[in-house]
$ cat final39.tsv   # TSV, N, CA and C atoms
chain	number	residue	atom	x	y	z
A	1170	MET	N	17.12	10.14	1.55
A	1170	MET	CA	16.43	8.95	1.09
A	1170	MET	C	16.01	8.12	2.31
A	1171	ARG	N	14.80	7.61	2.24
A	1171	ARG	CA	14.24	6.77	3.29
A	1171	ARG	C	14.97	5.43	3.38
A	1172	THR	N	15.17	4.97	4.60
A	1172	THR	CA	15.74	3.65	4.83
A	1172	THR	C	14.61	2.71	5.24
A	1173	ILE	N	14.57	1.56	4.62
A	1173	ILE	CA	13.55	0.56	4.95
A	1173	ILE	C	14.14	-0.39	5.99
A	1174	LYS	N	13.47	-0.50	7.13
A	1174	LYS	CA	13.95	-1.40	8.19
A	1174	LYS	C	13.54	-2.84	7.92
A	1175	GLU	N	12.33	-3.02	7.40
A	1175	GLU	CA	11.81	-4.37	7.16
A	1175	GLU	C	10.81	-4.33	6.01
A	1176	PHE	N	10.96	-5.25	5.07
A	1176	PHE	CA	9.96	-5.41	4.02
A	1176	PHE	C	8.90	-6.36	4.56
A	1177	VAL	N	7.69	-5.85	4.72
A	1177	VAL	CA	6.60	-6.58	5.38
A	1177	VAL	C	5.80	-7.39	4.36
A	1178	THR	N	5.49	-8.64	4.70
A	1178	THR	CA	4.66	-9.51	3.88
A	1178	THR	C	3.21	-9.41	4.35
A	1179	GLN	N	2.29	-9.37	3.41
A	1179	GLN	CA	0.88	-9.29	3.78
A	1179	GLN	C	0.47	-10.55	4.54
A	1180	ARG	N	-0.52	-10.37	5.43
A	1180	ARG	CA	-0.99	-11.49	6.26
A	1180	ARG	C	-2.22	-12.16	5.68
A	1181	HIS	N	-3.03	-11.39	4.94
A	1181	HIS	CA	-4.29	-11.91	4.41
A	1181	HIS	C	-4.31	-11.75	2.90
A	1182	LEU	N	-4.61	-12.84	2.21
A	1182	LEU	CA	-4.75	-12.79	0.76
A	1182	LEU	C	-6.15	-12.34	0.40
A	1183	HIS	N	-6.29	-11.81	-0.80
A	1183	HIS	CA	-7.59	-11.33	-1.28
A	1183	HIS	C	-8.50	-12.52	-1.58
A	1184	LYS	N	-9.58	-12.64	-0.84
A	1184	LYS	CA	-10.54	-13.74	-1.03
A	1184	LYS	C	-11.96	-13.17	-0.95
A	1185	PRO	N	-12.40	-12.53	-2.04
A	1185	PRO	CA	-13.73	-11.91	-2.02
A	1185	PRO	C	-14.85	-12.91	-1.78
A	1186	GLU	N	-14.64	-14.17	-2.18
A	1186	GLU	CA	-15.68	-15.18	-1.94
A	1186	GLU	C	-15.90	-15.42	-0.45
A	1187	ASP	N	-14.90	-15.08	0.37
A	1187	ASP	CA	-15.02	-15.19	1.83
A	1187	ASP	C	-15.27	-13.83	2.47
A	1188	GLY	N	-15.45	-12.81	1.63
A	1188	GLY	CA	-15.67	-11.46	2.17
A	1188	GLY	C	-14.41	-10.82	2.74
A	1189	LYS	N	-13.25	-11.28	2.30
A	1189	LYS	CA	-11.98	-10.76	2.83
A	1189	LYS	C	-11.19	-10.03	1.75
A	1190	HIS	N	-10.68	-8.87	2.13
A	1190	HIS	CA	-9.78	-8.11	1.27
A	1190	HIS	C	-8.35	-8.49	1.62
A	1191	GLY	N	-7.49	-8.52	0.63
A	1191	GLY	CA	-6.07	-8.70	0.91
A	1191	GLY	C	-5.52	-7.45	1.58
A	1192	ASP	N	-4.47	-7.62	2.38
A	1192	ASP	CA	-3.91	-6.47	3.09
A	1192	ASP	C	-2.53	-6.07	2.56
A	1193	CYS	N	-2.35	-6.19	1.23
A	1193	CYS	CA	-1.08	-5.81	0.62
A	1193	CYS	C	-0.79	-4.33	0.82
A	1194	TRP	N	-1.82	-3.49	0.73
A	1194	TRP	CA	-1.62	-2.04	0.89
A	1194	TRP	C	-1.16	-1.73	2.31
A	1195	MET	N	-1.77	-2.41	3.29
A	1195	MET	CA	-1.35	-2.24	4.68
A	1195	MET	C	0.12	-2.64	4.83
A	1196	ALA	N	0.52	-3.75	4.20
A	1196	ALA	CA	1.91	-4.21	4.30
A	1196	ALA	C	2.86	-3.19	3.68
A	1197	CYS	N	2.46	-2.58	2.57
A	1197	CYS	CA	3.28	-1.54	1.95
A	1197	CYS	C	3.40	-0.33	2.87
A	1198	ILE	N	2.31	0.08	3.48
A	1198	ILE	CA	2.34	1.22	4.39
A	1198	ILE	C	3.21	0.91	5.60
A	1199	SER	N	3.08	-0.29	6.14
A	1199	SER	CA	3.92	-0.70	7.26
A	1199	SER	C	5.39	-0.67	6.87
A	1200	THR	N	5.71	-1.15	5.68
A	1200	THR	CA	7.09	-1.14	5.19
A	1200	THR	C	7.63	0.28	5.11
A	1201	LEU	N	6.84	1.21	4.57
A	1201	LEU	CA	7.32	2.57	4.33
A	1201	LEU	C	7.37	3.43	5.60
A	1202	THR	N	6.49	3.14	6.56
A	1202	THR	CA	6.43	3.98	7.77
A	1202	THR	C	7.11	3.36	8.98
A	1203	GLY	N	7.26	2.04	8.97
A	1203	GLY	CA	7.77	1.35	10.15
A	1203	GLY	C	6.70	1.12	11.21
A	1204	ILE	N	5.45	1.49	10.92
A	1204	ILE	CA	4.35	1.25	11.86
A	1204	ILE	C	3.92	-0.21	11.70
A	1205	PRO	N	3.92	-0.98	12.80
A	1205	PRO	CA	3.51	-2.39	12.70
A	1205	PRO	C	2.09	-2.53	12.14
A	1206	MET	N	1.86	-3.58	11.37
A	1206	MET	CA	0.54	-3.79	10.77
A	1206	MET	C	-0.57	-3.87	11.82
A	1207	ASP	N	-0.27	-4.42	12.98
A	1207	ASP	CA	-1.27	-4.52	14.04
A	1207	ASP	C	-1.77	-3.16	14.52
A	1208	GLU	N	-1.00	-2.11	14.27
A	1208	GLU	CA	-1.39	-0.77	14.70
A	1208	GLU	C	-2.11	0.02	13.61
A	1209	LEU	N	-2.08	-0.47	12.38
A	1209	LEU	CA	-2.73	0.23	11.27
A	1209	LEU	C	-4.23	-0.06	11.24
A	1210	PRO	N	-5.05	0.87	10.72
A	1210	PRO	CA	-6.47	0.56	10.52
A	1210	PRO	C	-6.59	-0.67	9.63
A	1211	ASP	N	-7.46	-1.58	10.00
A	1211	ASP	CA	-7.59	-2.87	9.31
A	1211	ASP	C	-8.55	-2.77	8.12
A	1212	VAL	N	-8.07	-3.17	6.96
A	1212	VAL	CA	-8.89	-3.15	5.75
A	1212	VAL	C	-10.12	-4.05	5.89
A	1213	ASN	N	-10.06	-5.07	6.74
A	1213	ASN	CA	-11.19	-5.98	6.89
A	1213	ASN	C	-12.12	-5.63	8.04
A	1214	ASP	N	-11.90	-4.48	8.66
A	1214	ASP	CA	-12.84	-3.99	9.67
A	1214	ASP	C	-14.13	-3.61	8.94
A	1215	PRO	N	-15.29	-4.06	9.45
A	1215	PRO	CA	-16.57	-3.73	8.79
A	1215	PRO	C	-16.79	-2.23	8.58
A	1216	MET	N	-16.15	-1.39	9.39
A	1216	MET	CA	-16.27	0.06	9.22
A	1216	MET	C	-15.61	0.51	7.91
A	1217	ASN	N	-14.76	-0.33	7.34
A	1217	ASN	CA	-14.01	0.02	6.13
A	1217	ASN	C	-14.51	-0.75	4.92
A	1218	ALA	N	-15.82	-0.95	4.84
A	1218	ALA	CA	-16.39	-1.77	3.76
A	1218	ALA	C	-16.13	-1.18	2.37
A	1219	GLU	N	-16.12	0.11	2.26
A	1219	GLU	CA	-15.87	0.77	0.97
A	1219	GLU	C	-14.42	1.25	0.93
A	1220	TRP	N	-13.75	1.01	-0.21
A	1220	TRP	CA	-12.34	1.39	-0.32
A	1220	TRP	C	-12.13	2.87	-0.06
A	1221	SER	N	-13.00	3.73	-0.58
A	1221	SER	CA	-12.81	5.17	-0.41
A	1221	SER	C	-12.85	5.57	1.06
A	1222	SER	N	-13.73	4.96	1.84
A	1222	SER	CA	-13.78	5.30	3.27
A	1222	SER	C	-12.55	4.76	3.99
A	1223	TYR	N	-12.06	3.59	3.56
A	1223	TYR	CA	-10.85	3.04	4.17
A	1223	TYR	C	-9.65	3.92	3.87
A	1224	TRP	N	-9.53	4.40	2.63
A	1224	TRP	CA	-8.41	5.26	2.26
A	1224	TRP	C	-8.39	6.51	3.14
A	1225	VAL	N	-9.56	7.12	3.35
A	1225	VAL	CA	-9.65	8.32	4.19
A	1225	VAL	C	-9.29	7.98	5.64
A	1226	THR	N	-9.76	6.82	6.13
A	1226	THR	CA	-9.40	6.39	7.48
A	1226	THR	C	-7.89	6.27	7.62
A	1227	MET	N	-7.24	5.65	6.64
A	1227	MET	CA	-5.78	5.49	6.69
A	1227	MET	C	-5.10	6.84	6.58
A	1228	TRP	N	-5.60	7.71	5.71
A	1228	TRP	CA	-5.01	9.05	5.56
A	1228	TRP	C	-5.04	9.79	6.89
A	1229	LYS	N	-6.18	9.76	7.57
A	1229	LYS	CA	-6.31	10.44	8.87
A	1229	LYS	C	-5.37	9.82	9.90
A	1230	PHE	N	-5.30	8.49	9.92
A	1230	PHE	CA	-4.42	7.80	10.86
A	1230	PHE	C	-2.97	8.21	10.63
A	1231	LEU	N	-2.54	8.21	9.37
A	1231	LEU	CA	-1.15	8.58	9.06
A	1231	LEU	C	-0.87	10.04	9.40
A	1232	GLN	N	-1.85	10.92	9.18
A	1232	GLN	CA	-1.68	12.32	9.57
A	1232	GLN	C	-1.39	12.42	11.07
A	1233	GLU	N	-2.15	11.66	11.86
A	1233	GLU	CA	-1.95	11.67	13.32
A	1233	GLU	C	-0.58	11.12	13.71
A	1234	LYS	N	-0.03	10.25	12.89
A	1234	LYS	CA	1.29	9.66	13.17
A	1234	LYS	C	2.44	10.47	12.55
A	1235	GLY	N	2.11	11.60	11.90
A	1235	GLY	CA	3.14	12.47	11.37
A	1235	GLY	C	3.52	12.23	9.92
A	1236	PHE	N	2.60	11.63	9.13
A	1236	PHE	CA	2.89	11.35	7.72
A	1236	PHE	C	1.81	11.96	6.83
A	1237	ASN	N	2.22	12.37	5.63
A	1237	ASN	CA	1.30	12.76	4.57
A	1237	ASN	C	1.18	11.60	3.59
A	1238	LEU	N	-0.03	11.32	3.13
A	1238	LEU	CA	-0.30	10.29	2.13
A	1238	LEU	C	-1.03	10.97	0.98
A	1239	TYR	N	-0.51	10.83	-0.23
A	1239	TYR	CA	-1.21	11.39	-1.38
A	1239	TYR	C	-0.97	10.52	-2.61
A	1240	CYS	N	-1.85	10.68	-3.59
A	1240	CYS	CA	-1.78	9.91	-4.84
A	1240	CYS	C	-1.26	10.76	-5.98
A	1241	GLU	N	-0.60	10.08	-6.91
A	1241	GLU	CA	-0.20	10.71	-8.16
A	1241	GLU	C	-0.51	9.73	-9.29
A	1242	THR	N	-0.97	10.28	-10.40
A	1242	THR	CA	-1.17	9.45	-11.58
A	1242	THR	C	0.19	9.06	-12.15
A	1243	VAL	N	0.19	8.13	-13.06
A	1243	VAL	CA	1.44	7.73	-13.71
A	1243	VAL	C	2.06	8.94	-14.42
A	1244	ALA	N	1.23	9.77	-15.05
A	1244	ALA	CA	1.74	10.95	-15.76
A	1244	ALA	C	2.34	11.98	-14.80
A	1245	GLN	N	1.78	12.11	-13.60
A	1245	GLN	CA	2.27	13.08	-12.62
A	1245	GLN	C	3.53	12.62	-11.91
A	1246	PHE	N	3.72	11.32	-11.81
A	1246	PHE	CA	4.76	10.75	-10.96
A	1246	PHE	C	6.15	11.10	-11.45
A	1247	LYS	N	6.98	11.62	-10.56
A	1247	LYS	CA	8.34	12.01	-10.89
A	1247	LYS	C	9.38	10.99	-10.43
A	1248	GLY	N	9.02	10.13	-9.47
A	1248	GLY	CA	9.94	9.11	-8.99
A	1248	GLY	C	10.93	9.61	-7.97
A	1249	ASN	N	11.92	10.33	-8.41
A	1249	ASN	CA	12.94	10.91	-7.54
A	1249	ASN	C	13.69	9.88	-6.69
A	1250	ASN	N	13.74	8.63	-7.15
A	1250	ASN	CA	14.50	7.59	-6.46
A	1250	ASN	C	14.09	7.45	-4.99
A	1251	GLU	N	12.81	7.55	-4.72
A	1251	GLU	CA	12.28	7.39	-3.36
A	1251	GLU	C	11.29	6.24	-3.33
A	1252	TYR	N	11.23	5.56	-2.20
A	1252	TYR	CA	10.25	4.49	-2.02
A	1252	TYR	C	8.84	5.05	-1.97
A	1253	CYS	N	7.91	4.35	-2.60
A	1253	CYS	CA	6.50	4.72	-2.57
A	1253	CYS	C	5.70	3.44	-2.83
A	1254	ILE	N	4.41	3.58	-3.06
A	1254	ILE	CA	3.53	2.45	-3.35
A	1254	ILE	C	3.05	2.58	-4.79
A	1255	ALA	N	3.15	1.49	-5.54
A	1255	ALA	CA	2.57	1.43	-6.89
A	1255	ALA	C	1.41	0.44	-6.83
A	1256	SER	N	0.27	0.84	-7.38
A	1256	SER	CA	-0.90	-0.04	-7.41
A	1256	SER	C	-1.31	-0.28	-8.85
A	1257	GLY	N	-1.69	-1.52	-9.12
A	1257	GLY	CA	-2.11	-1.88	-10.46
A	1257	GLY	C	-2.75	-3.25	-10.48
A	1258	LYS	N	-2.96	-3.76	-11.67
A	1258	LYS	CA	-3.64	-5.05	-11.84
A	1258	LYS	C	-2.79	-6.19	-11.28
A	1259	SER	N	-3.44	-7.04	-10.52
A	1259	SER	CA	-2.79	-8.22	-9.95
A	1259	SER	C	-2.66	-9.31	-11.00
A	1260	PRO	N	-1.57	-10.10	-10.96
A	1260	PRO	CA	-1.46	-11.24	-11.86
A	1260	PRO	C	-2.30	-12.43	-11.39
A	1261	ARG	N	-2.93	-12.31	-10.23
A	1261	ARG	CA	-3.67	-13.44	-9.64
A	1261	ARG	C	-5.18	-13.33	-9.79
A	1262	GLY	N	-5.67	-12.31	-10.47
A	1262	GLY	CA	-7.11	-12.17	-10.64
A	1262	GLY	C	-7.50	-10.78	-11.06
A	1263	ASP	N	-8.80	-10.54	-11.16
A	1263	ASP	CA	-9.32	-9.26	-11.61
A	1263	ASP	C	-9.50	-8.31	-10.43
A	1264	PHE	N	-8.40	-7.89	-9.86
A	1264	PHE	CA	-8.41	-6.95	-8.73
A	1264	PHE	C	-7.06	-6.26	-8.68
A	1265	TYR	N	-6.99	-5.24	-7.85
A	1265	TYR	CA	-5.76	-4.46	-7.71
A	1265	TYR	C	-4.84	-5.08	-6.67
A	1266	HIS	N	-3.56	-4.75	-6.82
A	1266	HIS	CA	-2.53	-5.18	-5.88
A	1266	HIS	C	-1.57	-4.01	-5.69
A	1267	ALA	N	-0.96	-3.92	-4.53
A	1267	ALA	CA	-0.01	-2.85	-4.22
A	1267	ALA	C	1.37	-3.43	-3.93
A	1268	VAL	N	2.39	-2.73	-4.41
A	1268	VAL	CA	3.78	-3.11	-4.17
A	1268	VAL	C	4.58	-1.89	-3.74
A	1269	VAL	N	5.70	-2.12	-3.08
A	1269	VAL	CA	6.64	-1.05	-2.77
A	1269	VAL	C	7.48	-0.81	-4.01
A	1270	TRP	N	7.60	0.47	-4.40
A	1270	TRP	CA	8.24	0.85	-5.65
A	1270	TRP	C	9.41	1.79	-5.37
A	1271	ASN	N	10.49	1.62	-6.12
A	1271	ASN	CA	11.60	2.57	-6.12
A	1271	ASN	C	12.29	2.43	-7.46
A	1272	ASP	N	11.80	3.14	-8.45
A	1272	ASP	CA	12.27	3.01	-9.84
A	1272	ASP	C	12.17	1.57	-10.33
A	1273	GLY	N	11.16	0.86	-9.85
A	1273	GLY	CA	10.90	-0.55	-10.15
A	1273	GLY	C	10.38	-1.20	-8.87
A	1274	ILE	N	9.91	-2.41	-8.98
A	1274	ILE	CA	9.37	-3.09	-7.79
A	1274	ILE	C	10.52	-3.38	-6.84
A	1275	ALA	N	10.44	-2.79	-5.66
A	1275	ALA	CA	11.44	-3.03	-4.60
A	1275	ALA	C	10.99	-4.18	-3.70
A	1276	HIS	N	9.67	-4.34	-3.56
A	1276	HIS	CA	9.14	-5.41	-2.70
A	1276	HIS	C	7.69	-5.66	-3.05
A	1277	ASP	N	7.36	-6.93	-3.27
A	1277	ASP	CA	5.96	-7.35	-3.42
A	1277	ASP	C	5.56	-8.01	-2.11
A	1278	PRO	N	4.56	-7.46	-1.40
A	1278	PRO	CA	4.18	-8.04	-0.11
A	1278	PRO	C	3.45	-9.38	-0.22
A	1279	HIS	N	3.00	-9.75	-1.43
A	1279	HIS	CA	2.33	-11.04	-1.59
A	1279	HIS	C	3.37	-12.16	-1.45
A	1280	PRO	N	3.01	-13.26	-0.80
A	1280	PRO	CA	4.00	-14.34	-0.60
A	1280	PRO	C	4.61	-14.90	-1.88
A	1281	ASP	N	3.92	-14.83	-3.02
A	1281	ASP	CA	4.51	-15.39	-4.24
A	1281	ASP	C	5.41	-14.38	-4.98
A	1282	ARG	N	5.38	-13.12	-4.56
A	1282	ARG	CA	6.28	-12.07	-5.06
A	1282	ARG	C	6.23	-11.85	-6.58
A	1283	THR	N	5.06	-12.08	-7.21
A	1283	THR	CA	4.97	-11.94	-8.66
A	1283	THR	C	4.72	-10.52	-9.15
A	1284	GLY	N	4.50	-9.57	-8.25
A	1284	GLY	CA	4.38	-8.17	-8.65
A	1284	GLY	C	3.02	-7.77	-9.17
A	1285	ILE	N	3.02	-6.79	-10.07
A	1285	ILE	CA	1.80	-6.28	-10.68
A	1285	ILE	C	1.98	-6.28	-12.20
A	1286	LEU	N	0.84	-6.34	-12.90
A	1286	LEU	CA	0.88	-6.37	-14.37
A	1286	LEU	C	0.88	-4.98	-14.97
A	1287	THR	N	0.22	-4.04	-14.30
A	1287	THR	CA	0.11	-2.67	-14.77
A	1287	THR	C	0.30	-1.73	-13.59
A	1288	ILE	N	0.53	-0.47	-13.88
A	1288	ILE	CA	0.54	0.55	-12.82
A	1288	ILE	C	-0.60	1.51	-13.11
A	1289	ASP	N	-1.50	1.64	-12.14
A	1289	ASP	CA	-2.63	2.56	-12.26
A	1289	ASP	C	-2.30	3.91	-11.63
A	1290	HIS	N	-1.65	3.87	-10.47
A	1290	HIS	CA	-1.27	5.11	-9.79
A	1290	HIS	C	-0.20	4.82	-8.74
A	1291	PHE	N	0.35	5.89	-8.20
A	1291	PHE	CA	1.35	5.81	-7.15
A	1291	PHE	C	0.80	6.51	-5.91
A	1292	GLU	N	1.21	6.02	-4.75
A	1292	GLU	CA	0.87	6.67	-3.49
A	1292	GLU	C	2.17	6.96	-2.75
A	1293	ILE	N	2.31	8.21	-2.37
A	1293	ILE	CA	3.53	8.66	-1.73
A	1293	ILE	C	3.23	8.93	-0.26
A	1294	ILE	N	4.13	8.49	0.59
A	1294	ILE	CA	4.04	8.74	2.03
A	1294	ILE	C	5.30	9.50	2.43
A	1295	GLU	N	5.09	10.69	2.98
A	1295	GLU	CA	6.22	11.53	3.39
A	1295	GLU	C	6.02	11.99	4.82
A	1296	PRO	N	7.11	12.23	5.53
A	1296	PRO	CA	6.97	12.81	6.88
A	1296	PRO	C	6.27	14.16	6.79
A	1297	ASN	N	5.41	14.42	7.72
A	1297	ASN	CA	4.68	15.68	7.79
A	1297	ASN	C	5.53	16.67	8.58
A	1298	ILE	N	6.33	17.46	7.86
A	1298	ILE	CA	7.24	18.38	8.55
A	1298	ILE	C	6.79	19.81	8.44
$ encode --input "final39.tsv" --output "structure tokens"
Amino acid sequence: MRTIKEFVTQRHLHKPEDGKHGDCWMACISTLTGIPMDELPDVNDPMNAEWSSYWVTMWKFLQEKGFNLYCETVAQFKGNNEYCIASGKSPRGDFYHAVVWNDGIAHDPHPDRTGILTIDHFEIIEPNI
């Protein structure tokens, strides 16, 4: 079982009116990998304007750092008492939010810690062995 050294809080809240994406997913990845947020690809970099291109950028980055990143639907997810990322509807607006999951919310990176309303999918990060 993975040991979490630090539960990371997101630095930027989701503010689409200012053209800014929240970095909750980055905070979850930092929590699960131990890679500092400053070293992760930035969701607000103009090169990452589309979520799908940002996801691929992060996937490639994590591969280079020795991790596999993959998604599972709620139906596919087995849990296995391991930390992962759960993404779903945010309680703060009409957008998605990501939390660290381990058979329930283990950590919400948003400062108000209110979690998610639904689960859309899970993202698993494992060492690439």
$ select_by_dssp --input "final39.tsv" --residues "range 1208-1278 of chain A" --states "strand (DSSP E)" --output "PyMOL selection string"
chain A and resi 1236-1242+1253-1258+1265-1270+1274-1276
$ atom_distance --input "final39.tsv" --atom1 "CA of Arg1171 in chain A" --atom2 "CA of Leu1201 in chain A"
8.2 Å
$ closest_residue --input "final39.tsv" --among "A:Gly1203, A:Ser1222, A:Trp1270, A:Ser1259" --to "Leu1286 in chain A" --atoms "only N, CA and C atoms"
A:Ser1259
$ atom_distance --input "final39.tsv" --atom1 "atom N of Val1177 in chain A" --atom2 "atom N of Ala1244 in chain A"
26.0 Å
$ atom_distance --input "final39.tsv" --atom1 "CA of Phe1291 in chain A" --atom2 "atom C of Ala1267 in chain A"
9.8 Å
$ closest_residue --input "final39.tsv" --among "A:Thr1200, A:Asn1237, A:Thr1172, A:Thr1287" --to "Ala1255 in chain A" --atoms "only N, CA and C atoms"
A:Thr1287
$ closest_residue --input "final39.tsv" --among "A:Thr1226, A:Ser1221, A:Asn1249, A:Thr1178" --to "Ile1293 in chain A" --atoms "only C-alpha atoms"
A:Asn1249
$ select_by_dssp --input "final39.tsv" --residues "range 1208-1293 of chain A" --states "helix (DSSP H, G or I)" --output "PyMOL selection string"
chain A and resi 1208+1215-1217+1220-1233
$ residues_around --input "final39.tsv" --residues "Trp1194 in chain A" --least-positions-apart "6" --cutoff "10 Å" --atoms "only C-alpha atoms" --output "PyMOL selection string"
chain A and resi 1179+1200+1212+1254-1256+1265-1269+1278
$ closest_residue --input "final39.tsv" --among "A:Pro1205, A:Val1225, A:Glu1175, A:Gly1262" --to "Ala1275 in chain A" --atoms "only C-alpha atoms"
A:Glu1175
$ residues_around --input "final39.tsv" --residues "Met1227 in chain A" --least-positions-apart "4" --cutoff "12 Å" --atoms "only C-alpha atoms" --output "PyMOL selection string"
chain A and resi 1194-1195+1198-1199+1206+1208-1212+1217+1220-1223+1231-1234+1236-1239+1294
$ axis_aligned_box --input "final39.tsv" --around "range 1179-1189 of chain A" --padding-each-side "4 Å" --output "JSON"
{"center_x": -6.8, "center_y": -12.4, "center_z": 2.0, "size_x": 26.2, "size_y": 14.1, "size_z": 16.4}
